[in-house]
Amino acid sequence: MNRISRRSLLAGGVTAAVAAVGSAVTIAGRRFGLVPPDAGGIFAAGNTLNYAAHRLFGRNALAREFPRSMIAEKPFANTIAPPSEAFARHQAEHFANWTLDVRGSVDTPRPLSVHALRGMAVRSQITAVTCEEGWSYVAEWTGTPLSAVLQACGVRPSARYVVYFAADGWMDSIDIDEAMHPQTLVTWGMNGGDLPVAFGGPLRMRVPRQLGYKSVKFIERLLVTDTVADLKISTGVRNYAWYSGI
Ligand SMILES: Nc1nc2c(c(=O)[nH]1)N[C@H]1C(S)=C(S)[C@@H](COP(=O)(O)O)O[C@H]1N2
Ligand SMILES: [Mo]
């Protein structure tokens, strides 16, 4: 046997071993609810290990919170407003008729007005928005913990994901751990005032434990589901990982 074929045999063996470990990881992970819904193809094992590690060891870990002195003077907004007439009308009405429609695996599906949300539990935190493109800024975010919204709607024990939909066509989803985490906020305030439209007003999902693209602006609908297998996940379409824990 010459050297080249031995090397390629070896390479083949390594590839097979990696694939075997990879599929063992995904099979075990699936069994224990540790596989992200976009796991598949060559990234399956890597995505699963990252997600599983965070879920096993960092389920309750807090995103970093910053001192007030770190709040950016000129935060950068990269999406200004959804270019629709309907949105412009809502804006002219100061979002008095904007609602967040909660549906799916809840006992009481209902639309919640911004006013109603503001009357629920309140949390403020100074955290960073970090874009996958490399920039970030710190701001103070104020809102209603998503956990409080879900509890108010009677979230069912079978619920495993929350999908959120925005007025500009964006959508994304998080697992129930992220949804119930105290820092995940349905945000309506920023730096002491109302949440400006450029930063996602009237309502933005802030998920400070993950990259900026999970913090979807202009949200108008929440779907609580027991599975996301049959849903098209926007991050998959954009080619970003579904789970982007930082
Ligand atoms: N509805 C909506 N939400 C969105 C986006 C968007 O285009 N539309 N862009 C995302 C991306 S990629 C990032 S990094 C952050 C940017 O937040 P910022 O504008 O507050 O800096 O918003 C996220 N939320
Ligand atoms: Mo981004």
# chains A, B, ... in the order shown; residues from 1 in each chain; ligands from 1
$ residues_around --residues "Ala116 of chain A" --least-positions-apart "2" --cutoff "12 Å" --atoms "only C-alpha atoms" --output "list of chain:residue names"
A:Ala96, A:Asn97, A:Trp98, A:Thr99, A:Leu100, A:Arg110, A:Pro111, A:Leu112, A:Ser113, A:Val114, A:Arg118, A:Gly119, A:Met120, A:Ala121, A:Val122, A:Gly143, A:Thr144, A:Val149, A:Ala152, A:Trp188
$ write_last_selection --atoms "all heavy atoms" --output "compact mmCIF listing (two decimals), in the first residue's frame"
# COMPACT_ATOMS: atom_id res chain seq x y z
N ALA A 96 -51.40 53.66 19.61
CA ALA A 96 -52.52 53.42 20.53
C ALA A 96 -53.28 52.15 20.15
O ALA A 96 -53.90 51.51 21.00
CB ALA A 96 -53.47 54.62 20.53
N ASN A 97 -53.25 51.77 18.87
CA ASN A 97 -53.98 50.58 18.43
C ASN A 97 -53.06 49.42 18.03
O ASN A 97 -53.49 48.47 17.38
CB ASN A 97 -54.90 50.94 17.25
CG ASN A 97 -55.95 51.94 17.69
OD1 ASN A 97 -56.66 51.71 18.65
ND2 ASN A 97 -56.01 53.09 17.01
N TRP A 98 -51.79 49.55 18.41
CA TRP A 98 -50.84 48.46 18.12
C TRP A 98 -51.08 47.35 19.13
O TRP A 98 -51.26 47.60 20.32
CB TRP A 98 -49.41 48.96 18.27
CG TRP A 98 -48.37 47.96 17.84
CD1 TRP A 98 -47.81 46.98 18.62
CD2 TRP A 98 -47.76 47.86 16.57
NE1 TRP A 98 -46.89 46.28 17.89
CE2 TRP A 98 -46.84 46.80 16.62
CE3 TRP A 98 -47.91 48.58 15.37
CZ2 TRP A 98 -46.06 46.42 15.54
CZ3 TRP A 98 -47.13 48.20 14.29
CH2 TRP A 98 -46.21 47.14 14.38
N THR A 99 -51.10 46.11 18.65
CA THR A 99 -51.24 45.00 19.60
C THR A 99 -50.20 43.92 19.33
O THR A 99 -49.71 43.77 18.21
CB THR A 99 -52.63 44.34 19.54
OG1 THR A 99 -52.91 43.97 18.19
CG2 THR A 99 -53.73 45.27 20.06
N LEU A 100 -49.93 43.20 20.38
CA LEU A 100 -49.12 41.98 20.29
C LEU A 100 -50.10 40.82 20.45
O LEU A 100 -50.68 40.63 21.51
CB LEU A 100 -48.08 41.96 21.41
CG LEU A 100 -47.12 40.76 21.40
CD1 LEU A 100 -46.23 40.78 20.17
CD2 LEU A 100 -46.27 40.75 22.67
N ARG A 110 -54.77 36.05 23.10
CA ARG A 110 -55.39 37.38 23.05
C ARG A 110 -54.43 38.43 22.52
O ARG A 110 -53.21 38.26 22.62
CB ARG A 110 -55.91 37.79 24.42
CG ARG A 110 -54.84 37.75 25.49
CD ARG A 110 -55.43 38.28 26.78
NE ARG A 110 -54.61 37.89 27.91
CZ ARG A 110 -54.55 38.59 29.04
NH1 ARG A 110 -55.24 39.70 29.17
NH2 ARG A 110 -53.79 38.18 30.02
N PRO A 111 -55.00 39.51 22.00
CA PRO A 111 -54.15 40.64 21.62
C PRO A 111 -53.88 41.51 22.84
O PRO A 111 -54.81 41.82 23.60
CB PRO A 111 -55.01 41.39 20.59
CG PRO A 111 -56.43 41.01 20.90
CD PRO A 111 -56.42 39.75 21.70
N LEU A 112 -52.62 41.88 23.05
CA LEU A 112 -52.27 42.76 24.17
C LEU A 112 -51.82 44.11 23.62
O LEU A 112 -50.91 44.17 22.79
CB LEU A 112 -51.12 42.13 24.96
CG LEU A 112 -51.48 40.88 25.78
CD1 LEU A 112 -50.23 40.10 26.17
CD2 LEU A 112 -52.28 41.27 27.02
N SER A 113 -52.47 45.17 24.07
CA SER A 113 -52.08 46.50 23.61
C SER A 113 -50.77 46.90 24.29
O SER A 113 -50.38 46.32 25.31
CB SER A 113 -53.17 47.52 23.95
OG SER A 113 -53.25 47.66 25.36
N VAL A 114 -50.11 47.91 23.73
CA VAL A 114 -48.88 48.42 24.33
C VAL A 114 -49.20 48.91 25.74
O VAL A 114 -48.44 48.68 26.70
CB VAL A 114 -48.28 49.55 23.47
CG1 VAL A 114 -47.01 50.10 24.11
CG2 VAL A 114 -47.99 49.05 22.06
N ARG A 118 -47.58 47.64 29.24
CA ARG A 118 -46.91 48.57 30.16
C ARG A 118 -47.46 48.45 31.58
O ARG A 118 -46.80 48.84 32.55
CB ARG A 118 -47.08 50.01 29.69
CG ARG A 118 -46.14 50.40 28.57
CD ARG A 118 -46.53 51.78 28.06
NE ARG A 118 -45.64 52.28 27.06
CZ ARG A 118 -44.60 53.11 27.32
NH1 ARG A 118 -44.37 53.51 28.54
NH2 ARG A 118 -43.83 53.52 26.34
N GLY A 119 -48.70 47.94 31.69
CA GLY A 119 -49.32 47.78 33.01
C GLY A 119 -48.92 46.48 33.70
O GLY A 119 -49.33 46.22 34.83
N MET A 120 -48.15 45.66 33.02
CA MET A 120 -47.73 44.38 33.61
C MET A 120 -46.39 44.56 34.31
O MET A 120 -45.97 45.67 34.57
CB MET A 120 -47.67 43.32 32.51
CG MET A 120 -49.03 43.07 31.86
SD MET A 120 -48.99 42.09 30.35
CE MET A 120 -48.66 40.50 31.02
N ALA A 121 -45.72 43.45 34.62
CA ALA A 121 -44.41 43.54 35.29
C ALA A 121 -43.44 44.37 34.45
O ALA A 121 -43.52 44.37 33.22
CB ALA A 121 -43.86 42.14 35.50
N VAL A 122 -42.54 45.07 35.12
CA VAL A 122 -41.56 45.92 34.42
C VAL A 122 -40.15 45.53 34.84
O VAL A 122 -39.90 45.27 36.01
CB VAL A 122 -41.78 47.42 34.80
CG1 VAL A 122 -40.73 48.29 34.11
CG2 VAL A 122 -43.18 47.87 34.44
N GLY A 143 -38.95 46.98 29.70
CA GLY A 143 -40.08 46.27 29.11
C GLY A 143 -40.70 45.29 30.07
O GLY A 143 -40.39 45.29 31.27
N THR A 144 -41.56 44.47 29.53
CA THR A 144 -42.24 43.44 30.30
C THR A 144 -41.54 42.11 30.03
O THR A 144 -41.39 41.74 28.86
CB THR A 144 -43.71 43.33 29.84
OG1 THR A 144 -44.28 44.64 29.91
CG2 THR A 144 -44.50 42.38 30.71
N VAL A 149 -45.64 37.87 30.23
CA VAL A 149 -46.63 37.88 29.14
C VAL A 149 -47.18 36.47 28.94
O VAL A 149 -48.39 36.25 28.84
CB VAL A 149 -46.00 38.40 27.83
CG1 VAL A 149 -46.98 38.31 26.67
CG2 VAL A 149 -45.49 39.83 28.01
N ALA A 152 -49.38 35.39 31.82
CA ALA A 152 -50.68 36.08 31.77
C ALA A 152 -51.60 35.43 30.74
O ALA A 152 -52.83 35.55 30.84
CB ALA A 152 -50.47 37.56 31.46
N TRP A 188 -40.50 48.09 25.53
CA TRP A 188 -41.23 49.28 25.05
C TRP A 188 -40.56 50.58 25.47
O TRP A 188 -41.03 51.66 25.14
CB TRP A 188 -42.71 49.24 25.47
CG TRP A 188 -42.95 48.62 26.83
CD1 TRP A 188 -43.43 47.35 27.08
CD2 TRP A 188 -42.74 49.22 28.12
NE1 TRP A 188 -43.51 47.13 28.45
CE2 TRP A 188 -43.10 48.26 29.10
CE3 TRP A 188 -42.27 50.47 28.54
CZ2 TRP A 188 -43.02 48.52 30.48
CZ3 TRP A 188 -42.18 50.73 29.90
CH2 TRP A 188 -42.55 49.75 30.85
$ residues_near_ligand --ligand "ligand 1" --cutoff "9 Å" --atoms "only C-alpha atoms and all ligand atoms" --output "PyMOL selection string"
chain A and resi 75-82+129-137+165-171+198-200+204-205+211-219
$ select_by_dssp --residues "segment 91-121 of chain A" --states "strand (DSSP E or B)" --output "mmCIF file with N, CA, C and O atoms, in the first residue's frame"
data_model
loop_
_atom_site.group_PDB
_atom_site.id
_atom_site.type_symbol
_atom_site.label_atom_id
_atom_site.label_comp_id
_atom_site.auth_asym_id
_atom_site.auth_seq_id
_atom_site.Cartn_x
_atom_site.Cartn_y
_atom_site.Cartn_z
ATOM 1 N N THR A 99 -51.101 46.107 18.655
ATOM 2 C CA THR A 99 -51.238 45.003 19.603
ATOM 3 C C THR A 99 -50.201 43.919 19.330
ATOM 4 O O THR A 99 -49.707 43.773 18.210
ATOM 5 N N LEU A 100 -49.926 43.196 20.383
ATOM 6 C CA LEU A 100 -49.119 41.978 20.289
ATOM 7 C C LEU A 100 -50.101 40.824 20.449
ATOM 8 O O LEU A 100 -50.675 40.628 21.511
ATOM 9 N N ASP A 101 -50.294 40.096 19.364
ATOM 10 C CA ASP A 101 -51.254 38.984 19.348
ATOM 11 C C ASP A 101 -50.591 37.726 19.867
ATOM 12 O O ASP A 101 -49.633 37.257 19.254
ATOM 13 N N VAL A 102 -51.080 37.183 20.948
ATOM 14 C CA VAL A 102 -50.472 35.972 21.509
ATOM 15 C C VAL A 102 -51.353 34.772 21.185
ATOM 16 O O VAL A 102 -52.536 34.767 21.520
ATOM 17 N N ARG A 103 -50.791 33.797 20.492
ATOM 18 C CA ARG A 103 -51.563 32.628 20.056
ATOM 19 C C ARG A 103 -50.787 31.343 20.288
ATOM 20 O O ARG A 103 -49.628 31.370 20.652
ATOM 21 N N GLY A 104 -51.447 30.232 20.044
ATOM 22 C CA GLY A 104 -50.772 28.930 20.117
ATOM 23 C C GLY A 104 -51.055 28.203 21.412
ATOM 24 O O GLY A 104 -52.193 28.191 21.879
ATOM 25 N N VAL A 106 -51.397 28.372 24.482
ATOM 26 C CA VAL A 106 -51.750 29.156 25.668
ATOM 27 C C VAL A 106 -53.248 28.964 25.910
ATOM 28 O O VAL A 106 -54.011 28.759 24.962
ATOM 29 N N ARG A 110 -54.773 36.050 23.099
ATOM 30 C CA ARG A 110 -55.393 37.376 23.045
ATOM 31 C C ARG A 110 -54.425 38.428 22.525
ATOM 32 O O ARG A 110 -53.208 38.262 22.616
ATOM 33 N N PRO A 111 -55.003 39.514 22.001
ATOM 34 C CA PRO A 111 -54.149 40.639 21.617
ATOM 35 C C PRO A 111 -53.881 41.511 22.841
ATOM 36 O O PRO A 111 -54.806 41.817 23.595
ATOM 37 N N LEU A 112 -52.622 41.884 23.046
ATOM 38 C CA LEU A 112 -52.267 42.758 24.173
ATOM 39 C C LEU A 112 -51.825 44.107 23.622
ATOM 40 O O LEU A 112 -50.912 44.171 22.790
ATOM 41 N N SER A 113 -52.473 45.165 24.072
ATOM 42 C CA SER A 113 -52.077 46.499 23.608
ATOM 43 C C SER A 113 -50.766 46.895 24.287
ATOM 44 O O SER A 113 -50.378 46.318 25.310
#
$ closest_residue --among "A:Arg89, A:Ala39, A:Thr225, A:Val155" --to "Thr108 of chain A" --atoms "only C-alpha atoms"
A:Val155
$ closest_atom_pairs --of "segment 175-228 of chain A" --to "segment 62-71 of chain A" --cutoff "10 Å" --atoms "only C-alpha atoms" --output "tab-separated table"
residue	atom	partner	partner_atom	distance
A:His181	CA	A:Leu62	CA	8.6
A:Pro182	CA	A:Leu62	CA	8.5
A:Gln183	CA	A:Leu62	CA	7.4
A:Thr184	CA	A:Ala63	CA	9.8
A:Asn191	CA	A:Ile71	CA	8.3
A:Val207	CA	A:Ala63	CA	9.1
A:Pro208	CA	A:Ala63	CA	6.0
A:Arg209	CA	A:Ala63	CA	5.0
A:Gln210	CA	A:Ala63	CA	8.5
$ write_last_selection --atoms "N, CA and C atoms" --output "JSON list (two decimals), in the first residue's frame"
[["chain", "number", "residue", "atom", "x", "y", "z"],
["A", 181, "HIS", "N", -36.54, 33.25, 30.50],
["A", 181, "HIS", "CA", -35.38, 33.85, 31.17],
["A", 181, "HIS", "C", -35.71, 35.30, 31.57],
["A", 182, "PRO", "N", -35.31, 35.70, 32.78],
["A", 182, "PRO", "CA", -35.73, 37.03, 33.28],
["A", 182, "PRO", "C", -35.25, 38.21, 32.43],
["A", 183, "GLN", "N", -34.19, 38.03, 31.64],
["A", 183, "GLN", "CA", -33.70, 39.17, 30.84],
["A", 183, "GLN", "C", -34.34, 39.25, 29.45],
["A", 184, "THR", "N", -35.16, 38.29, 29.09],
["A", 184, "THR", "CA", -35.82, 38.35, 27.78],
["A", 184, "THR", "C", -37.06, 39.23, 27.91],
["A", 191, "ASN", "N", -33.50, 53.88, 27.26],
["A", 191, "ASN", "CA", -32.80, 55.03, 27.85],
["A", 191, "ASN", "C", -33.76, 56.02, 28.53],
["A", 207, "VAL", "N", -33.43, 39.94, 23.36],
["A", 207, "VAL", "CA", -32.89, 38.65, 23.81],
["A", 207, "VAL", "C", -31.40, 38.87, 24.04],
["A", 208, "PRO", "N", -31.02, 39.48, 25.18],
["A", 208, "PRO", "CA", -29.63, 39.94, 25.32],
["A", 208, "PRO", "C", -28.61, 38.83, 25.46],
["A", 209, "ARG", "N", -29.06, 37.58, 25.64],
["A", 209, "ARG", "CA", -28.08, 36.49, 25.72],
["A", 209, "ARG", "C", -27.68, 35.99, 24.34],
["A", 210, "GLN", "N", -28.32, 36.52, 23.29],
["A", 210, "GLN", "CA", -27.96, 36.07, 21.94],
["A", 210, "GLN", "C", -27.63, 37.27, 21.05]]
